[in-house]
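Colleague: Below you'll find the structure I mean.
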Amino acid sequence: MNGNIGYYDRKIECMPRSEMEVLQGERLKEIVKRVYETVPRYRAKMDAIKLKPSDINSLEDISKLPFTEKQDLRDSYPYGMFSAPIKDIVRLHASSATTGKLTVVGYTKKDLDIWAEAVARCLVMTGATPESIVHVAYGYGLFTGGLGMHYGIEKLGATAVPVSSGNTQKQLQLLQDFGPEIICCTPSYAIYLAEAMKEEGVDPASLKLRAGIFGAEPWSEAMRQAIESKLHIKAYDIYGLSEICGPGVACECEMQKGMHINEDHYFPEILDADTLEPIYEDNEEGELVFTTLTKEGIPLIRYRTHDLASVTREKCECGRTLVRLNKISGRTDDMLIIRGVNVFPSQIESVLLKCVGVEPHYHIYVDRVNNLDTLEIHVEMSEKLFSDEAKVVEQLREKLTADIASAIGVHAKIKLVSPRTLPRSEGKAKHTTDYRKGKI
Ligand code: ADP
Ligand code: ZN
């Protein structure tokens, strides 16, 4: 156990639960009033169930409020859900899908400040101090990972190394030369880096690296052990999603017993995945739903993440009272995360529907080979294409490969199969086989 635990904001992070709930209740009232007055979509949703902002008086009243879905953001693309005028928005981010159905989020100056503070708290949870050098290998750009971590590091007064993703050779060089104490990237990239070090003859034990902050995709305890032993570091889990802010919604402390949620800004609920009724018991799993309590750019009320998880409200050994999120165990929808990119089977389906020569019968195989996610899609040919020359078939396969890559942002190997050979399902179609489960 670390005998010298610091906090970024002791008052908030160690606040008695009753006080935290009062604060959350007050902020909830404010944010509901704000969205009712500024976002027509929220007003319409509340009017439809005859709910007025004055009906929300404390935290318990949250269950009266309607949910928000990713579809709400898509339907109001790009700025329809914004609660602040564009002149007050100082940054935009968007989720990683590259189709026209991006989910766009906007931040005011205050939003960026709070987000940076949330990330700074996370860094301190993992033992960072203003003296730390932090290597950021998350992508910089529309994706929230890189810039999100970056501003948190600066907020703390630590040193950011904005390497961004890719270029493994350079990453290895800088890890040796700049001597960072902490690395931030996806857990699968951490494993990849460890392998690359082995190949290049770099001894992880010779580096100053002490910890890694890994997120943006689900990972198991087995993966944690593998990363920790391969890289000789402590591996911490960080959770976030662009709709709520990006990385920094929650992060593990040095106890590694769940991720403390920055719940004074991002209020979590766990709901029964079938009935959507609130679950109040600790460690009982359900769908994770967030309400942003202080956001101005695009506040979200009861946003359904579709992530499955549980929380525990018990005070942590680190002294923090912030509720802890247990590891994300799965999803309630069919979203896949492939090399950090969110992919929905429906995106692939819509490309197939537009393509003459193939049927919208397909099956997606996801695997992890040499520590990298692979994607292969089997698609049925039409009878006509099946009887065509091989050259025509190959041309279509190439076109489909390009169209799918541009729709989902990830390269997939496309295999065209004979008509009526893929299994048909009678109920809800099962389009995916994920061989990564159980693998590290
Ligand atoms: P992206 O980060 O790819 O731009 P999002 O912000 O929408 O897109 O991705 C958020 C999703 O990523 C979460 O809803 C969750 O499914 C997944 N995710 C993020 N961090 C973690 C984590 N630490 N563990 C498991 N899943 C995570
Ligand atoms: Zn803790």
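Starting from 1 in every chain, residues are counted up; chains themselves are A, B, ... following the order of the structure tokens, and ligands are numbered from 1 as listed.
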So which residues are near ligand 2, meaning at most 12 Å away with only C-alpha atoms and all ligand atoms counted, given back as a PDB file with N, CA and C atoms, in the first residue's frame?

Modeller:
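Saved as pocket_30.pdb:
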ATOM      1  N   MET A   1       0.842  -1.216   0.000  1.00  0.00           N
ATOM      2  CA  MET A   1       0.000   0.000   0.000  1.00  0.00           C
ATOM      3  C   MET A   1       0.865   1.248   0.000  1.00  0.00           C
ATOM      4  N   ASN A   2       0.446   2.219  -0.744  1.00  0.00           N
ATOM      5  CA  ASN A   2       1.187   3.467  -0.814  1.00  0.00           C
ATOM      6  C   ASN A   2       0.894   4.296   0.433  1.00  0.00           C
ATOM      7  N   ILE A   5      -0.387   8.854  -0.051  1.00  0.00           N
ATOM      8  CA  ILE A   5      -1.371   9.094  -1.103  1.00  0.00           C
ATOM      9  C   ILE A   5      -1.751  10.565  -1.172  1.00  0.00           C
ATOM     10  N   GLY A   6      -1.707  11.093  -2.373  1.00  0.00           N
ATOM     11  CA  GLY A   6      -2.130  12.465  -2.559  1.00  0.00           C
ATOM     12  C   GLY A   6      -3.469  12.512  -3.274  1.00  0.00           C
ATOM     13  N   TYR A   7      -4.095  13.670  -3.228  1.00  0.00           N
ATOM     14  CA  TYR A   7      -5.343  13.872  -3.959  1.00  0.00           C
ATOM     15  C   TYR A   7      -5.190  15.131  -4.777  1.00  0.00           C
ATOM     16  N   GLU A  13     -12.980  14.706  -3.529  1.00  0.00           N
ATOM     17  CA  GLU A  13     -12.707  13.274  -3.680  1.00  0.00           C
ATOM     18  C   GLU A  13     -12.977  12.476  -2.408  1.00  0.00           C
ATOM     19  N   CYS A  14     -12.921  13.169  -1.266  1.00  0.00           N
ATOM     20  CA  CYS A  14     -13.156  12.464   0.005  1.00  0.00           C
ATOM     21  C   CYS A  14     -14.425  12.977   0.705  1.00  0.00           C
ATOM     22  N   ARG A 121      -7.289  14.695 -11.769  1.00  0.00           N
ATOM     23  CA  ARG A 121      -7.601  13.854 -10.608  1.00  0.00           C
ATOM     24  C   ARG A 121      -7.218  12.406 -10.894  1.00  0.00           C
ATOM     25  N   CYS A 122      -7.554  11.936 -12.114  1.00  0.00           N
ATOM     26  CA  CYS A 122      -7.249  10.546 -12.492  1.00  0.00           C
ATOM     27  C   CYS A 122      -5.748  10.305 -12.434  1.00  0.00           C
ATOM     28  N   VAL A 124      -3.505  11.797 -10.657  1.00  0.00           N
ATOM     29  CA  VAL A 124      -3.043  11.747  -9.268  1.00  0.00           C
ATOM     30  C   VAL A 124      -3.458  10.419  -8.623  1.00  0.00           C
ATOM     31  N   MET A 125      -4.617   9.902  -9.017  1.00  0.00           N
ATOM     32  CA  MET A 125      -5.053   8.596  -8.474  1.00  0.00           C
ATOM     33  C   MET A 125      -4.010   7.525  -8.759  1.00  0.00           C
ATOM     34  N   THR A 126      -3.339   7.643  -9.912  1.00  0.00           N
ATOM     35  CA  THR A 126      -2.353   6.620 -10.286  1.00  0.00           C
ATOM     36  C   THR A 126      -0.952   6.989  -9.790  1.00  0.00           C
ATOM     37  N   GLY A 127      -0.879   8.015  -8.961  1.00  0.00           N
ATOM     38  CA  GLY A 127       0.395   8.365  -8.342  1.00  0.00           C
ATOM     39  C   GLY A 127       1.170   9.462  -9.042  1.00  0.00           C
ATOM     40  N   TYR A 236      -3.293   0.729 -14.864  1.00  0.00           N
ATOM     41  CA  TYR A 236      -4.541   1.291 -14.331  1.00  0.00           C
ATOM     42  C   TYR A 236      -5.584   1.446 -15.437  1.00  0.00           C
ATOM     43  N   ALA A 250     -13.899   8.199 -15.203  1.00  0.00           N
ATOM     44  CA  ALA A 250     -13.548   7.389 -14.031  1.00  0.00           C
ATOM     45  C   ALA A 250     -12.167   6.782 -14.219  1.00  0.00           C
ATOM     46  N   CYS A 251     -11.479   6.534 -13.111  1.00  0.00           N
ATOM     47  CA  CYS A 251     -10.130   5.964 -13.202  1.00  0.00           C
ATOM     48  C   CYS A 251      -9.801   5.212 -11.910  1.00  0.00           C
ATOM     49  N   GLU A 252      -8.982   4.181 -12.047  1.00  0.00           N
ATOM     50  CA  GLU A 252      -8.553   3.433 -10.870  1.00  0.00           C
ATOM     51  C   GLU A 252      -7.536   4.223 -10.065  1.00  0.00           C
ATOM     52  N   CYS A 253      -7.590   4.016  -8.743  1.00  0.00           N
ATOM     53  CA  CYS A 253      -6.554   4.566  -7.879  1.00  0.00           C
ATOM     54  C   CYS A 253      -5.517   3.474  -7.649  1.00  0.00           C
ATOM     55  N   GLU A 254      -4.569   3.745  -6.774  1.00  0.00           N
ATOM     56  CA  GLU A 254      -3.484   2.785  -6.581  1.00  0.00           C
ATOM     57  C   GLU A 254      -3.932   1.464  -5.945  1.00  0.00           C
ATOM     58  N   MET A 255      -5.163   1.439  -5.425  1.00  0.00           N
ATOM     59  CA  MET A 255      -5.676   0.181  -4.870  1.00  0.00           C
ATOM     60  C   MET A 255      -6.110  -0.770  -5.983  1.00  0.00           C
ATOM     61  N   GLN A 256      -6.351  -0.243  -7.159  1.00  0.00           N
ATOM     62  CA  GLN A 256      -6.807  -1.037  -8.321  1.00  0.00           C
ATOM     63  C   GLN A 256      -8.043  -1.871  -7.995  1.00  0.00           C
ATOM     64  N   LYS A 257      -8.983  -1.228  -7.284  1.00  0.00           N
ATOM     65  CA  LYS A 257     -10.207  -1.945  -6.926  1.00  0.00           C
ATOM     66  C   LYS A 257     -11.416  -1.171  -7.424  1.00  0.00           C
ATOM     67  N   GLY A 258     -11.475  -0.916  -8.695  1.00  0.00           N
ATOM     68  CA  GLY A 258     -12.575  -0.163  -9.277  1.00  0.00           C
ATOM     69  C   GLY A 258     -12.144   1.255  -9.614  1.00  0.00           C
ATOM     70  N   MET A 259     -12.861   1.850 -10.557  1.00  0.00           N
ATOM     71  CA  MET A 259     -12.502   3.188 -11.046  1.00  0.00           C
ATOM     72  C   MET A 259     -13.353   4.243 -10.345  1.00  0.00           C
ATOM     73  N   HIS A 260     -12.701   5.186  -9.674  1.00  0.00           N
ATOM     74  CA  HIS A 260     -13.450   6.262  -9.012  1.00  0.00           C
ATOM     75  C   HIS A 260     -14.084   7.155 -10.075  1.00  0.00           C
ATOM     76  N   ILE A 261     -15.384   7.321  -9.950  1.00  0.00           N
ATOM     77  CA  ILE A 261     -16.092   8.165 -10.928  1.00  0.00           C
ATOM     78  C   ILE A 261     -16.050   9.615 -10.450  1.00  0.00           C
ATOM     79  N   ASN A 262     -15.750  10.523 -11.340  1.00  0.00           N
ATOM     80  CA  ASN A 262     -15.788  11.947 -10.990  1.00  0.00           C
ATOM     81  C   ASN A 262     -17.257  12.371 -10.952  1.00  0.00           C
ATOM     82  N   THR A 312     -19.662   0.411  -6.721  1.00  0.00           N
ATOM     83  CA  THR A 312     -19.664   0.215  -5.273  1.00  0.00           C
ATOM     84  C   THR A 312     -19.457   1.573  -4.609  1.00  0.00           C
ATOM     85  N   ARG A 313     -20.283   1.807  -3.570  1.00  0.00           N
ATOM     86  CA  ARG A 313     -20.254   3.118  -2.898  1.00  0.00           C
ATOM     87  C   ARG A 313     -19.416   3.094  -1.628  1.00  0.00           C
ATOM     88  N   GLU A 314     -18.896   1.943  -1.313  1.00  0.00           N
ATOM     89  CA  GLU A 314     -18.087   1.798  -0.103  1.00  0.00           C
ATOM     90  C   GLU A 314     -16.833   2.671  -0.203  1.00  0.00           C
ATOM     91  N   LYS A 315     -16.456   3.257   0.918  1.00  0.00           N
ATOM     92  CA  LYS A 315     -15.256   4.100   0.910  1.00  0.00           C
ATOM     93  C   LYS A 315     -14.036   3.250   0.552  1.00  0.00           C
ATOM     94  N   CYS A 316     -13.168   3.800  -0.268  1.00  0.00           N
ATOM     95  CA  CYS A 316     -11.994   3.055  -0.744  1.00  0.00           C
ATOM     96  C   CYS A 316     -10.847   3.164   0.269  1.00  0.00           C
ATOM     97  N   GLU A 317      -9.964   2.190   0.228  1.00  0.00           N
ATOM     98  CA  GLU A 317      -8.794   2.230   1.125  1.00  0.00           C
ATOM     99  C   GLU A 317      -7.908   3.439   0.864  1.00  0.00           C
ATOM    100  N   CYS A 318      -8.050   4.042  -0.313  1.00  0.00           N
ATOM    101  CA  CYS A 318      -7.227   5.216  -0.618  1.00  0.00           C
ATOM    102  C   CYS A 318      -7.772   6.461   0.079  1.00  0.00           C
ATOM    103  N   GLY A 319      -8.960   6.340   0.672  1.00  0.00           N
ATOM    104  CA  GLY A 319      -9.550   7.470   1.378  1.00  0.00           C
ATOM    105  C   GLY A 319     -10.610   8.183   0.557  1.00  0.00           C
ATOM    106  N   ARG A 320     -10.654   7.892  -0.726  1.00  0.00           N
ATOM    107  CA  ARG A 320     -11.656   8.559  -1.564  1.00  0.00           C
ATOM    108  C   ARG A 320     -13.034   7.959  -1.308  1.00  0.00           C
ATOM    109  N   THR A 321     -14.038   8.842  -1.340  1.00  0.00           N
ATOM    110  CA  THR A 321     -15.414   8.375  -1.189  1.00  0.00           C
ATOM    111  C   THR A 321     -16.110   8.318  -2.540  1.00  0.00           C
ATOM    112  N   LEU A 322     -15.462   8.831  -3.574  1.00  0.00           N
ATOM    113  CA  LEU A 322     -16.066   8.806  -4.909  1.00  0.00           C
ATOM    114  C   LEU A 322     -16.446   7.370  -5.262  1.00  0.00           C
ATOM    115  N   VAL A 323     -17.678   7.201  -5.734  1.00  0.00           N
ATOM    116  CA  VAL A 323     -18.192   5.874  -6.073  1.00  0.00           C
ATOM    117  C   VAL A 323     -17.252   5.202  -7.085  1.00  0.00           C
ATOM    118  N   ARG A 324     -17.137   3.857  -6.947  1.00  0.00           N
ATOM    119  CA  ARG A 324     -16.225   3.149  -7.847  1.00  0.00           C
ATOM    120  C   ARG A 324     -16.973   2.305  -8.872  1.00  0.00           C
ATOM    121  N   LEU A 325     -16.479   2.374 -10.099  1.00  0.00           N
ATOM    122  CA  LEU A 325     -17.059   1.618 -11.218  1.00  0.00           C
ATOM    123  C   LEU A 325     -16.233   0.350 -11.392  1.00  0.00           C
ATOM    124  N   ASN A 326     -16.904  -0.802 -11.332  1.00  0.00           N
ATOM    125  CA  ASN A 326     -16.165  -2.047 -11.568  1.00  0.00           C
ATOM    126  C   ASN A 326     -15.911  -2.213 -13.058  1.00  0.00           C
TER     127      ASN A 326
END

Colleague: Could you name the residues that touch Lys295 of chain A at 12 Å or less, counting only C-alpha atoms, but leaving out those on the same chain fewer than 6 positions away, as a short mmCIF file (atom, residue, chain, number, x, y, z; two decimals) with all heavy atoms, in the first residue's frame?

Modeller:
data_model
loop_
_atom_site.label_atom_id
_atom_site.label_comp_id
_atom_site.auth_asym_id
_atom_site.auth_seq_id
_atom_site.Cartn_x
_atom_site.Cartn_y
_atom_site.Cartn_z
N ARG A 27 -26.96 20.46 -8.47
CA ARG A 27 -26.48 20.59 -9.84
C ARG A 27 -27.48 19.99 -10.84
O ARG A 27 -27.64 20.50 -11.95
CB ARG A 27 -25.11 19.92 -9.97
CG ARG A 27 -24.04 20.72 -9.25
CD ARG A 27 -22.67 20.11 -9.39
NE ARG A 27 -21.66 21.04 -8.87
CZ ARG A 27 -20.37 20.78 -8.80
NH1 ARG A 27 -19.89 19.62 -9.22
NH2 ARG A 27 -19.52 21.66 -8.34
N LEU A 28 -28.12 18.90 -10.42
CA LEU A 28 -29.11 18.28 -11.31
C LEU A 28 -30.24 19.25 -11.63
O LEU A 28 -30.65 19.41 -12.78
CB LEU A 28 -29.66 16.99 -10.65
CG LEU A 28 -30.74 16.28 -11.47
CD1 LEU A 28 -30.14 15.66 -12.73
CD2 LEU A 28 -31.42 15.19 -10.65
N GLU A 30 -30.22 22.46 -11.64
CA GLU A 30 -29.71 23.51 -12.54
C GLU A 30 -29.61 23.03 -13.98
O GLU A 30 -30.01 23.71 -14.92
CB GLU A 30 -28.30 23.96 -12.09
CG GLU A 30 -28.29 24.79 -10.85
CD GLU A 30 -29.15 26.04 -11.00
OE1 GLU A 30 -28.94 26.77 -11.99
OE2 GLU A 30 -30.03 26.26 -10.15
N ILE A 31 -29.07 21.82 -14.14
CA ILE A 31 -28.80 21.35 -15.50
C ILE A 31 -30.12 21.03 -16.22
O ILE A 31 -30.25 21.26 -17.43
CB ILE A 31 -27.81 20.15 -15.50
CG1 ILE A 31 -27.04 20.09 -16.83
CG2 ILE A 31 -28.45 18.82 -15.26
CD1 ILE A 31 -25.98 21.11 -16.98
N VAL A 32 -31.10 20.53 -15.46
CA VAL A 32 -32.39 20.21 -16.08
C VAL A 32 -33.06 21.51 -16.55
O VAL A 32 -33.60 21.59 -17.65
CB VAL A 32 -33.29 19.41 -15.11
CG1 VAL A 32 -34.71 19.31 -15.64
CG2 VAL A 32 -32.71 18.02 -14.87
N ARG A 34 -31.52 24.18 -17.36
CA ARG A 34 -30.74 24.68 -18.50
C ARG A 34 -31.14 23.99 -19.81
O ARG A 34 -31.39 24.65 -20.83
CB ARG A 34 -29.25 24.47 -18.24
CG ARG A 34 -28.38 24.94 -19.38
CD ARG A 34 -26.90 24.64 -19.13
NE ARG A 34 -26.14 25.08 -20.27
CZ ARG A 34 -25.39 26.17 -20.30
NH1 ARG A 34 -25.27 26.92 -19.23
NH2 ARG A 34 -24.76 26.52 -21.40
N VAL A 35 -31.21 22.66 -19.79
CA VAL A 35 -31.51 21.98 -21.06
C VAL A 35 -32.96 22.23 -21.48
O VAL A 35 -33.26 22.33 -22.67
CB VAL A 35 -31.21 20.45 -21.03
CG1 VAL A 35 -29.73 20.20 -20.85
CG2 VAL A 35 -32.04 19.71 -20.00
N PHE A 82 -26.72 21.03 -28.71
CA PHE A 82 -25.87 21.96 -27.96
C PHE A 82 -26.72 22.90 -27.11
O PHE A 82 -27.79 23.33 -27.51
CB PHE A 82 -25.00 22.78 -28.92
CG PHE A 82 -23.80 22.02 -29.46
CD1 PHE A 82 -23.78 20.63 -29.49
CD2 PHE A 82 -22.69 22.70 -29.96
CE1 PHE A 82 -22.68 19.92 -29.98
CE2 PHE A 82 -21.59 22.01 -30.47
CZ PHE A 82 -21.59 20.62 -30.47
N SER A 83 -26.21 23.21 -25.95
CA SER A 83 -26.94 24.07 -25.03
C SER A 83 -26.26 25.42 -24.90
O SER A 83 -26.71 26.29 -24.16
CB SER A 83 -27.02 23.35 -23.67
OG SER A 83 -27.29 24.22 -22.65
N ALA A 84 -25.15 25.60 -25.63
CA ALA A 84 -24.46 26.89 -25.63
C ALA A 84 -24.31 27.34 -27.08
O ALA A 84 -24.20 26.50 -27.98
CB ALA A 84 -23.08 26.75 -24.99
N ILE A 89 -18.53 27.93 -27.83
CA ILE A 89 -17.91 26.60 -27.96
C ILE A 89 -16.47 26.82 -28.42
O ILE A 89 -16.23 27.48 -29.44
CB ILE A 89 -18.67 25.73 -28.99
CG1 ILE A 89 -20.12 25.51 -28.56
CG2 ILE A 89 -17.96 24.40 -29.25
CD1 ILE A 89 -20.33 24.61 -27.38
N VAL A 105 -19.52 16.43 -30.26
CA VAL A 105 -19.67 17.08 -28.95
C VAL A 105 -18.90 18.39 -28.94
O VAL A 105 -17.86 18.51 -29.59
CB VAL A 105 -19.21 16.16 -27.80
CG1 VAL A 105 -20.18 15.03 -27.59
CG2 VAL A 105 -17.80 15.61 -28.03
N GLY A 106 -19.42 19.38 -28.21
CA GLY A 106 -18.78 20.69 -28.15
C GLY A 106 -18.52 21.08 -26.71
O GLY A 106 -19.30 20.75 -25.81
N TYR A 107 -17.43 21.77 -26.49
CA TYR A 107 -17.01 22.16 -25.14
C TYR A 107 -16.88 23.67 -25.04
O TYR A 107 -16.27 24.29 -25.91
CB TYR A 107 -15.64 21.56 -24.79
CG TYR A 107 -15.54 20.06 -24.93
CD1 TYR A 107 -15.48 19.46 -26.18
CD2 TYR A 107 -15.48 19.24 -23.80
CE1 TYR A 107 -15.37 18.07 -26.30
CE2 TYR A 107 -15.37 17.87 -23.91
CZ TYR A 107 -15.32 17.28 -25.17
OH TYR A 107 -15.21 15.92 -25.29
N THR A 108 -17.40 24.23 -23.96
CA THR A 108 -17.11 25.64 -23.67
C THR A 108 -15.78 25.68 -22.92
O THR A 108 -15.26 24.63 -22.53
CB THR A 108 -18.20 26.26 -22.77
OG1 THR A 108 -18.17 25.57 -21.51
CG2 THR A 108 -19.59 26.14 -23.39
N LYS A 109 -15.28 26.89 -22.67
CA LYS A 109 -14.03 27.03 -21.89
C LYS A 109 -14.17 26.33 -20.54
O LYS A 109 -13.27 25.63 -20.10
CB LYS A 109 -13.74 28.52 -21.66
CG LYS A 109 -12.97 29.16 -22.79
CD LYS A 109 -12.10 30.31 -22.21
CE LYS A 109 -11.11 30.81 -23.23
NZ LYS A 109 -11.68 31.74 -24.21
N LYS A 110 -15.32 26.54 -19.91
CA LYS A 110 -15.53 25.93 -18.59
C LYS A 110 -15.54 24.40 -18.69
O LYS A 110 -14.99 23.71 -17.84
CB LYS A 110 -16.85 26.45 -18.00
CG LYS A 110 -17.12 25.97 -16.60
CD LYS A 110 -18.43 26.52 -16.04
CE LYS A 110 -18.91 25.66 -14.88
NZ LYS A 110 -20.35 25.68 -14.71
N ASP A 111 -16.17 23.89 -19.76
CA ASP A 111 -16.20 22.43 -19.95
C ASP A 111 -14.78 21.86 -20.06
O ASP A 111 -14.46 20.82 -19.48
CB ASP A 111 -16.96 22.04 -21.22
CG ASP A 111 -18.44 22.34 -21.16
OD1 ASP A 111 -18.98 22.43 -20.04
OD2 ASP A 111 -19.06 22.48 -22.23
N LEU A 112 -13.95 22.56 -20.83
CA LEU A 112 -12.57 22.08 -21.01
C LEU A 112 -11.82 22.11 -19.69
O LEU A 112 -11.02 21.22 -19.39
CB LEU A 112 -11.82 22.92 -22.05
CG LEU A 112 -12.20 22.70 -23.52
CD1 LEU A 112 -11.28 23.53 -24.42
CD2 LEU A 112 -12.12 21.23 -23.91
N ASP A 113 -12.10 23.14 -18.93
CA ASP A 113 -11.44 23.28 -17.64
C ASP A 113 -11.82 22.14 -16.69
O ASP A 113 -10.97 21.55 -16.03
CB ASP A 113 -11.89 24.63 -17.05
CG ASP A 113 -10.76 25.29 -16.34
OD1 ASP A 113 -9.64 25.26 -16.89
OD2 ASP A 113 -10.99 25.80 -15.22
N ILE A 114 -13.10 21.83 -16.66
CA ILE A 114 -13.58 20.76 -15.78
C ILE A 114 -13.06 19.40 -16.25
O ILE A 114 -12.64 18.56 -15.46
CB ILE A 114 -15.13 20.78 -15.69
CG1 ILE A 114 -15.57 21.99 -14.87
CG2 ILE A 114 -15.67 19.47 -15.10
CD1 ILE A 114 -17.06 22.21 -14.80
N TRP A 115 -13.06 19.21 -17.56
CA TRP A 115 -12.56 17.95 -18.12
C TRP A 115 -11.08 17.76 -17.75
O TRP A 115 -10.65 16.70 -17.29
CB TRP A 115 -12.77 17.96 -19.64
CG TRP A 115 -12.35 16.73 -20.38
CD1 TRP A 115 -12.16 15.48 -19.85
CD2 TRP A 115 -12.08 16.62 -21.78
NE1 TRP A 115 -11.78 14.60 -20.85
CE2 TRP A 115 -11.73 15.27 -22.03
CE3 TRP A 115 -12.11 17.53 -22.85
CZ2 TRP A 115 -11.41 14.82 -23.32
CZ3 TRP A 115 -11.79 17.08 -24.12
CH2 TRP A 115 -11.44 15.75 -24.35
N GLU A 243 -19.24 11.35 -25.41
CA GLU A 243 -20.50 12.04 -25.13
C GLU A 243 -20.50 12.67 -23.73
O GLU A 243 -21.14 13.69 -23.51
CB GLU A 243 -21.68 11.06 -25.23
CG GLU A 243 -21.94 10.54 -26.63
CD GLU A 243 -21.12 9.28 -26.95
OE1 GLU A 243 -20.00 9.11 -26.40
OE2 GLU A 243 -21.59 8.48 -27.77
N ILE A 244 -19.81 12.04 -22.80
CA ILE A 244 -19.79 12.57 -21.43
C ILE A 244 -18.65 13.57 -21.26
O ILE A 244 -18.83 14.62 -20.64
CB ILE A 244 -19.74 11.41 -20.39
CG1 ILE A 244 -20.96 10.50 -20.59
CG2 ILE A 244 -19.68 11.93 -18.96
CD1 ILE A 244 -22.31 11.20 -20.60
N CYS A 245 -17.49 13.30 -21.77
CA CYS A 245 -16.39 14.26 -21.84
C CYS A 245 -15.26 13.67 -22.67
O CYS A 245 -14.67 14.31 -23.52
CB CYS A 245 -15.87 14.72 -20.47
SG CYS A 245 -15.08 13.46 -19.48
N ASP A 264 -19.10 14.22 -9.10
CA ASP A 264 -19.61 15.57 -8.88
C ASP A 264 -19.91 16.25 -10.23
O ASP A 264 -20.63 17.23 -10.30
CB ASP A 264 -18.62 16.42 -8.06
CG ASP A 264 -17.22 16.40 -8.62
OD1 ASP A 264 -16.80 15.35 -9.16
OD2 ASP A 264 -16.53 17.43 -8.57
N HIS A 265 -19.34 15.69 -11.31
CA HIS A 265 -19.63 16.21 -12.66
C HIS A 265 -20.40 15.22 -13.52
O HIS A 265 -21.22 15.61 -14.34
CB HIS A 265 -18.32 16.56 -13.38
CG HIS A 265 -17.52 17.61 -12.69
ND1 HIS A 265 -18.02 18.89 -12.50
CD2 HIS A 265 -16.29 17.59 -12.12
CE1 HIS A 265 -17.11 19.61 -11.85
NE2 HIS A 265 -16.07 18.85 -11.60
N TYR A 266 -20.11 13.93 -13.35
CA TYR A 266 -20.70 12.90 -14.21
C TYR A 266 -21.43 11.91 -13.31
O TYR A 266 -20.82 11.04 -12.70
CB TYR A 266 -19.61 12.20 -15.03
CG TYR A 266 -18.57 13.16 -15.59
CD1 TYR A 266 -17.22 13.06 -15.26
CD2 TYR A 266 -18.96 14.21 -16.44
CE1 TYR A 266 -16.28 13.97 -15.75
CE2 TYR A 266 -18.03 15.12 -16.93
CZ TYR A 266 -16.69 15.00 -16.58
OH TYR A 266 -15.77 15.89 -17.06
N PHE A 267 -22.75 12.10 -13.19
CA PHE A 267 -23.51 11.30 -12.23
C PHE A 267 -23.92 9.95 -12.83
O PHE A 267 -24.59 9.90 -13.87
CB PHE A 267 -24.76 12.07 -11.77
CG PHE A 267 -25.57 11.27 -10.79
CD1 PHE A 267 -25.13 11.09 -9.49
CD2 PHE A 267 -26.75 10.65 -11.19
CE1 PHE A 267 -25.85 10.32 -8.59
CE2 PHE A 267 -27.48 9.88 -10.29
CZ PHE A 267 -27.03 9.71 -8.99
N ILE A 301 -28.63 14.27 -20.39
CA ILE A 301 -29.45 13.80 -19.28
C ILE A 301 -29.67 12.30 -19.44
O ILE A 301 -30.16 11.85 -20.48
CB ILE A 301 -30.83 14.52 -19.28
CG1 ILE A 301 -30.66 16.05 -19.26
CG2 ILE A 301 -31.72 14.02 -18.14
CD1 ILE A 301 -30.05 16.62 -18.02
#

Colleague: Counting only C-alpha atoms and all ligand atoms, name the residues that have an atom within 6 Å of an atom of ligand 1; the answer should be given as a list in words.

Modeller: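 The residues within 6 Å of ligand 1, counting only C-alpha atoms and all ligand atoms, are Ser95, Ser96, Phe143, Gly215, Ala216, Glu217, Pro218, Asp237, Ile238, Tyr239, Gly240, Leu241, Ser242, Gly246, Thr305, Asp307, Ile328, Gly340, Val341 and Asn342 of chain A.
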
Colleague: Can you pull out every residue within 10 Å of Gln71 of chain A, counting only C-alpha atoms, but drop anything in the same chain fewer than 4 positions away, and send it as a list in words?

Modeller: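 Close residues of Gln71 of chain A: Asp75, Ser76, Tyr77, Lys101 and Thr103 of chain A.
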
Colleague: Please give the complete set of residues from segment 39-127 of chain A that DSSP, run on the backbone, assigns to helix (DSSP H, G or I), formatted as a PyMOL selection string.

Modeller: chain A and resi 40-48+53-55+59-64+70-75+86-88+109-125

Colleague: Report as a PyMOL selection string all protein, DNA and RNA residues lying within 7 Å of segment 272-278 of chain A, evaluated on only C-alpha atoms, omitting residues in the same chain fewer than 3 positions from it.

Modeller: chain A and resi 269+286-287

Colleague: List the neighbours of Ser229 of chain A out to 12 Å using only C-alpha atoms; skip same-chain residues closer than 6 positions along the sequence, and give me the result as a list of chain:residue names.

Modeller: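 Selected residues are A:Ala190, A:Ile191, A:Ala194, A:Pro204, A:Ala205, A:Arg210, A:Ala211, A:Ala222, A:Met223, A:Ala235.
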
Colleague: Go ahead and save the residues from that selection, with C-alpha atoms, as an mmCIF file, in the first residue's frame.

Modeller:
data_model
loop_
_atom_site.group_PDB
_atom_site.id
_atom_site.type_symbol
_atom_site.label_atom_id
_atom_site.label_comp_id
_atom_site.auth_asym_id
_atom_site.auth_seq_id
_atom_site.Cartn_x
_atom_site.Cartn_y
_atom_site.Cartn_z
ATOM 1 C CA ALA A 190 0.497 -1.631 -24.457
ATOM 2 C CA ILE A 191 0.824 -5.359 -25.165
ATOM 3 C CA ALA A 194 5.854 -4.851 -24.988
ATOM 4 C CA PRO A 204 11.347 -2.699 -20.078
ATOM 5 C CA ALA A 205 13.016 -2.880 -16.668
ATOM 6 C CA ARG A 210 6.267 3.017 -13.572
ATOM 7 C CA ALA A 211 2.618 3.033 -14.578
ATOM 8 C CA ALA A 222 -5.681 -11.388 -17.306
ATOM 9 C CA MET A 223 -4.688 -8.621 -19.676
ATOM 10 C CA ALA A 235 -1.591 -0.970 -15.198
#

Colleague: Just to confirm, what's the straight-line distance from atom CA of Glu285 of chain A to atom CA of Leu336 of chain A in Å (one decimal)?

Modeller: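 Value for the atom CA of Glu285 of chain A-atom CA of Leu336 of chain A distance: 20.0 Å.
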